[in-house]
file target_13.txt (compact mmCIF, C-alpha atoms)
# COMPACT_ATOMS: atom_id res chain seq x y z
CA MET A 1 137.54 57.42 86.21
CA ASN A 2 140.96 56.31 84.92
CA ALA A 3 140.82 54.31 81.71
CA LYS A 4 142.94 51.23 81.08
CA ILE A 5 145.36 52.02 78.24
CA HIS A 6 146.90 49.23 76.17
CA VAL A 7 148.73 48.86 72.85
CA GLU A 8 149.09 45.83 70.60
CA TRP A 9 150.29 45.08 67.07
CA GLY A 10 148.32 44.37 63.92
CA ALA A 11 145.07 42.50 63.37
CA ARG A 12 145.15 40.60 66.67
CA ALA A 13 144.90 43.92 68.48
CA LEU A 14 141.38 44.24 67.07
CA ASP A 15 140.26 41.33 69.28
CA ALA A 16 140.32 43.55 72.36
CA LYS A 17 137.10 44.75 73.95
CA ALA A 18 137.61 48.50 73.99
CA ASP A 19 135.50 51.64 74.26
CA ILE A 20 137.91 53.53 72.02
CA MET A 21 140.19 51.94 69.44
CA VAL A 22 142.96 54.06 67.95
CA ILE A 23 144.30 52.91 64.57
CA VAL A 24 147.92 54.05 64.26
CA ASP A 25 149.56 53.80 60.83
CA CYS A 26 151.93 56.74 60.91
CA LEU A 27 153.49 56.11 57.47
CA SER A 28 151.05 56.85 56.15
CA PHE A 29 147.31 56.04 56.41
CA SER A 30 146.65 57.75 59.76
CA THR A 31 148.71 60.79 58.81
CA ALA A 32 147.07 61.06 55.38
CA THR A 33 143.61 60.73 56.95
CA THR A 34 144.41 63.41 59.51
CA VAL A 35 145.57 65.81 56.79
CA ALA A 36 142.46 65.19 54.69
CA THR A 37 139.95 65.49 57.52
CA ALA A 38 141.64 68.62 58.81
CA LYS A 39 140.64 70.15 55.47
CA GLY A 40 137.06 69.00 55.98
CA ALA A 41 137.17 66.11 53.50
CA ARG A 42 135.69 62.64 53.96
CA VAL A 43 137.96 59.62 53.81
CA TYR A 44 136.79 56.11 52.94
CA PRO A 45 139.21 53.39 54.10
CA PHE A 46 139.55 50.36 51.86
CA SER A 47 141.75 47.26 51.78
CA LEU A 48 142.24 46.32 48.14
CA LYS A 49 142.93 48.74 45.32
CA ASP A 50 140.90 46.90 42.66
CA GLU A 51 137.79 46.68 44.83
CA ALA A 52 138.28 50.27 45.90
CA ILE A 53 138.20 51.41 42.28
CA ASP A 54 134.83 49.71 41.75
CA PHE A 55 133.55 51.38 44.92
CA ALA A 56 134.89 54.74 43.72
CA VAL A 57 133.00 54.43 40.43
CA ALA A 58 129.77 53.54 42.26
CA LEU A 59 130.06 56.52 44.61
CA ASN A 60 131.58 58.89 42.04
CA VAL A 61 134.41 59.52 44.49
CA PRO A 62 138.12 59.61 43.53
CA CYS A 63 140.32 56.73 44.62
CA ALA A 64 143.84 57.51 45.83
CA ASN A 65 146.67 56.55 43.48
CA LYS A 66 149.92 54.89 44.38
CA ARG A 67 152.49 57.44 45.50
CA SER A 68 154.55 57.02 42.33
CA LEU A 69 151.62 57.91 40.04
CA GLY A 70 151.05 61.43 41.33
CA GLY A 71 147.73 63.06 42.15
CA LEU A 72 145.83 62.22 45.33
CA SER A 73 147.51 59.33 47.17
CA LEU A 74 148.65 58.00 50.54
CA SER A 75 151.27 60.73 50.39
CA PRO A 76 149.92 63.21 53.01
CA PRO A 77 150.97 66.41 51.20
CA THR A 78 148.83 65.47 48.18
CA LEU A 79 145.69 65.51 50.33
CA ALA A 80 146.21 69.06 51.56
CA VAL A 81 144.41 70.30 48.43
CA LEU A 82 141.11 68.73 49.53
CA GLY A 83 138.26 70.83 50.86
CA LYS A 84 134.97 70.51 52.71
CA ALA A 85 133.06 69.34 49.65
CA ASP A 86 135.55 66.58 48.84
CA ALA A 87 135.76 62.87 49.58
CA ILE A 88 138.38 60.28 48.75
CA ILE A 89 138.78 56.51 48.95
CA LEU A 90 142.10 55.74 50.60
CA PRO A 91 143.10 52.07 50.29
CA SER A 92 146.07 50.69 52.21
CA PRO A 93 147.01 47.17 53.37
CA ASN A 94 147.67 48.23 56.96
CA GLY A 95 145.84 51.09 58.69
CA SER A 96 143.00 51.28 56.21
CA HIS A 97 142.54 47.50 56.20
CA LEU A 98 142.54 47.34 60.01
CA THR A 99 139.96 50.11 60.19
CA LEU A 100 137.44 47.98 58.32
CA PHE A 101 137.60 45.27 60.98
CA ALA A 102 137.78 47.45 64.07
CA ASP A 103 134.88 46.71 66.41
CA ALA A 104 134.54 49.39 69.07
CA PRO A 105 131.99 52.12 69.84
CA ILE A 106 134.58 54.74 68.86
CA VAL A 107 137.32 54.15 66.27
CA ILE A 108 139.73 56.97 65.50
CA ALA A 109 142.88 57.45 63.45
CA GLY A 110 145.87 58.63 65.44
CA CYS A 111 149.40 59.66 64.50
CA LEU A 112 152.14 62.04 65.58
CA ARG A 113 150.52 64.88 63.67
CA ASN A 114 147.36 64.84 65.83
CA ALA A 115 148.79 63.22 68.98
CA LYS A 116 147.70 65.88 71.48
CA ALA A 117 144.24 66.25 69.94
CA VAL A 118 143.66 62.49 70.23
CA ALA A 119 144.91 62.44 73.81
CA ASP A 120 142.72 65.42 74.74
CA PHE A 121 139.69 63.72 73.23
CA ILE A 122 140.33 60.48 75.11
CA ASN A 123 140.96 62.30 78.40
CA ILE A 124 137.53 63.93 78.36
CA SER A 125 135.69 60.88 76.98
CA GLY A 126 135.18 59.11 80.32
CA VAL A 127 135.71 55.65 78.80
CA ARG A 128 136.99 52.57 80.65
CA ASN A 129 139.22 50.90 78.04
CA VAL A 130 141.37 52.33 75.27
CA GLN A 131 143.15 50.09 72.77
CA PHE A 132 145.92 51.43 70.55
CA VAL A 133 146.42 49.38 67.40
CA ALA A 134 149.94 49.74 66.03
CA ALA A 135 149.40 48.79 62.39
CA GLY A 136 152.96 47.90 61.45
CA GLU A 137 154.12 47.00 57.96
CA ARG A 138 154.39 43.72 56.04
CA TRP A 139 157.34 41.48 55.24
CA GLN A 140 157.47 40.05 51.73
CA ASP A 141 155.88 36.81 52.98
CA GLY A 142 152.91 38.79 54.29
CA GLY A 143 153.86 38.55 57.95
CA LEU A 144 153.58 41.50 60.32
CA ARG A 145 156.64 43.74 60.50
CA PRO A 146 156.51 45.87 63.66
CA ALA A 147 157.13 49.49 62.70
CA PHE A 148 159.13 51.92 64.81
CA GLU A 149 157.07 54.92 63.69
CA ASP A 150 153.76 53.36 64.79
CA TRP A 151 155.17 52.43 68.21
CA ILE A 152 156.49 55.96 68.72
CA ALA A 153 153.23 57.54 67.55
CA CYS A 154 151.28 55.37 70.00
CA GLY A 155 153.62 56.51 72.74
CA ALA A 156 153.18 60.18 71.77
CA MET A 157 149.46 59.89 72.52
CA ILE A 158 149.74 57.54 75.49
CA HIS A 159 152.19 59.67 77.45
CA LEU A 160 149.59 62.48 77.49
CA LEU A 161 146.75 60.28 78.78
CA ASN A 162 145.24 60.18 82.24
CA GLY A 163 144.85 56.46 82.73
CA ILE A 164 146.25 53.18 83.95
CA LEU A 165 148.95 52.03 81.57
CA THR A 166 149.73 48.40 80.85
CA ALA A 167 153.40 47.47 80.61
CA GLU A 168 153.23 47.70 76.84
CA ALA A 169 151.59 51.13 76.92
CA GLY A 170 154.16 52.37 79.41
CA ALA A 171 156.98 51.11 77.21
CA ALA A 172 155.54 52.91 74.19
CA ALA A 173 155.26 56.17 76.14
CA ALA A 174 158.84 55.84 77.38
CA SER A 175 160.02 55.12 73.83
CA PHE A 176 158.37 58.31 72.59
CA ARG A 177 159.99 60.41 75.31
CA TRP A 178 163.37 58.97 74.28
CA ALA A 179 162.76 59.71 70.59
CA GLU A 180 161.09 63.11 70.92
CA PRO A 181 164.23 65.32 70.89
CA ASP A 182 165.21 63.93 67.44
CA LEU A 183 161.80 62.86 66.19
CA GLN A 184 162.19 63.75 62.51
CA LYS A 185 165.67 62.25 62.34
CA MET A 186 164.42 59.07 64.03
CA LEU A 187 161.57 58.64 61.54
CA LYS A 188 163.87 59.19 58.58
CA ASN A 189 166.30 56.62 59.94
CA CYS A 190 163.80 53.90 60.81
CA LEU A 191 163.23 51.15 58.22
CA SER A 192 159.90 52.51 56.92
CA GLY A 193 161.32 56.03 56.72
CA GLN A 194 164.41 54.85 54.87
CA GLU A 195 162.22 53.06 52.34
CA LEU A 196 160.10 56.16 51.66
CA CYS A 197 163.12 58.47 51.44
CA ALA A 198 164.81 56.08 48.99
CA GLN A 199 161.68 56.28 46.80
CA GLY A 200 161.80 60.08 46.82
CA PHE A 201 159.13 60.65 49.48
CA GLU A 202 161.17 62.31 52.19
CA GLN A 203 158.46 64.97 52.48
CA ASP A 204 155.97 62.27 53.53
CA VAL A 205 158.22 61.36 56.44
CA GLN A 206 158.64 65.02 57.35
CA TRP A 207 154.87 65.59 57.44
CA ALA A 208 154.36 62.42 59.48
CA SER A 209 156.96 63.49 62.04
CA GLU A 210 155.42 66.91 62.76
CA LEU A 211 154.15 66.60 66.32
CA SER A 212 150.64 67.74 67.27
CA LEU A 213 150.35 70.12 64.33
CA GLU A 214 146.68 69.29 63.73
CA ARG A 215 143.78 69.80 66.14
CA HIS A 216 141.59 67.25 64.37
CA VAL A 217 140.63 63.70 65.32
CA PRO A 218 139.30 61.52 62.48
CA MET A 219 136.50 59.31 63.82
CA LEU A 220 134.95 56.32 62.08
CA ARG A 221 131.21 56.52 61.44
CA GLY A 222 128.67 54.32 59.63
CA LEU A 223 127.78 54.45 55.96
CA ASP A 224 124.86 56.80 56.52
CA ALA A 225 126.85 59.29 58.58
CA CYS A 226 128.77 62.27 57.26
CA TYR A 227 131.77 64.22 58.45
CA ALA A 228 130.98 66.91 60.98
CA ASP A 229 132.65 68.84 63.74
CA PHE A 230 132.31 67.19 67.11
CA GLY A 231 131.20 69.65 69.77
CA VAL A 232 133.53 69.73 72.77
CA ALA A 233 132.12 71.28 75.93
CA ASP A 234 135.48 71.63 77.68
CA GLU A 235 136.67 75.15 76.86
CA ARG A 236 140.29 74.13 77.39
CA LEU A 237 140.14 71.96 74.25
CA LYS A 238 138.72 74.50 71.84
CA PRO A 239 139.25 74.83 68.94
CA LEU A 240 139.56 71.02 68.98
CA SER A 241 137.70 69.78 65.91
CA VAL A 242 136.75 66.14 65.51
CA LYS A 243 136.11 65.09 61.92
CA TYR A 244 134.60 61.81 60.79
CA TYR A 245 135.62 59.33 58.15
CA GLU A 246 133.24 56.61 57.17
CA VAL A 247 133.49 53.01 56.00
call {"tool": "encode", "arguments": {"input": "target_13.txt", "output": "structure tokens"}}
result
Amino acid sequence: MNAKIHVEWGARALDAKADIMVIVDCLSFSTATTVATAKGARVYPFSLKDEAIDFAVALNVPCANKRSLGGLSLSPPTLAVLGKADAIILPSPNGSHLTLFADAPIVIAGCLRNAKAVADFINISGVRNVQFVAAGERWQDGGLRPAFEDWIACGAMIHLLNGILTAEAGAAAASFRWAEPDLQKMLKNCLSGQELCAQGFEQDVQWASELSLERHVPMLRGLDACYADFGVADERLKPLSVKYYEV
């Protein structure tokens, strides 16, 4: 059965009735979450930093700092030190915030770094509808700023899918194929990439632009669930490992 594949921007994309919803915030929530879960850690998405700190104290779990403060943060390289016994609260106004309001049987975090793993998982899932949520950024007035890197990351996954593409999904896939030969250069030159590089976080952009480096798919589970490997029967996908992050 071929699934219908669609992509939309921001919070309104969460209105879709989908079997699988893919939250795509390439710079940097989805990338950071992929790095952490690949190490076996749990990731708690959260919207607001102040509320996240209270939650962190209650759970005795560290809360990610702002990039400029050092330590564990939305900067993906900082999360590579995590291990199987670790958990972290990872607040962000875009991908993390959207995750909290996603209403689908399966919610996963997708990015360039795990693009093939996400596509492989969707291809064997047998679902009818897949919604990609391009998180985007924010203008100073709070309005949605469509983000090149999220569009390209959606396309990186979509162009590997066996399904019926909407016009928007097809455009995202075509955009990725155009950008793929110079992917790292493209991400550094897009507005979000320029902002991070200007702040001294060029390495974040480099990590986010590494294509299909991870074989892990972070999946959202309920409060009582824990991270675990998802068993995949299809031998072609092994050692695909699906990790869970919980709200």
call {"tool": "residues_around", "arguments": {"input": "target_13.txt", "residues": "Ala32 (chain A)", "least_positions_apart": "3", "cutoff": "6 Å", "atoms": "only C-alpha atoms", "output": "count of residues only"}}
result
5
call {"tool": "closest_residue", "arguments": {"input": "target_13.txt", "among": "A:Phe201, A:Phe148, A:Tyr44, A:Phe55", "to": "Ala179 (chain A)", "atoms": "all atoms listed in the file"}}
result
A:Phe148
call {"tool": "closest_residue", "arguments": {"input": "target_13.txt", "among": "A:Ile88, A:Leu82, A:Val107, A:Ile158", "to": "Val217 (chain A)", "atoms": "only C-alpha atoms"}}
result
A:Val107
call {"tool": "residues_around", "arguments": {"input": "target_13.txt", "residues": "Gly95 (chain A)", "least_positions_apart": "4", "cutoff": "7 Å", "atoms": "only C-alpha atoms", "output": "list of chain:residue names"}}
result
A:Ile23, A:Val24, A:Asp25, A:Phe29, A:Ser30, A:Thr99, A:Ala135
call {"tool": "residues_around", "arguments": {"input": "target_13.txt", "residues": "Ala38 (chain A)", "least_positions_apart": "4", "cutoff": "8 Å", "atoms": "all atoms listed in the file", "output": "PyMOL selection string"}}
result
chain A and resi 34+214-216+243
call {"tool": "closest_residue", "arguments": {"input": "target_13.txt", "among": "A:Gln184, A:Ser73, A:Ser175, A:Ser125", "to": "Leu90 (chain A)", "atoms": "all atoms listed in the file"}}
result
A:Ser73
call {"tool": "closest_residue", "arguments": {"input": "target_13.txt", "among": "A:Lys188, A:Arg67, A:Arg42, A:Arg138", "to": "Ala87 (chain A)", "atoms": "all atoms listed in the file"}}
result
A:Arg42
call {"tool": "axis_aligned_box", "arguments": {"input": "target_13.txt", "around": "region 148-165 of chain A", "padding_each_side": "6 Å", "output": "JSON"}}
result
{"center_x": 152.0, "center_y": 57.2, "center_z": 73.8, "size_x": 26.3, "size_y": 22.6, "size_z": 32.3}
call {"tool": "atom_distance", "arguments": {"input": "target_13.txt", "atom1": "CA of Ser192 (chain A)", "atom2": "CA of Gln140 (chain A)"}}
result
13.7 Å
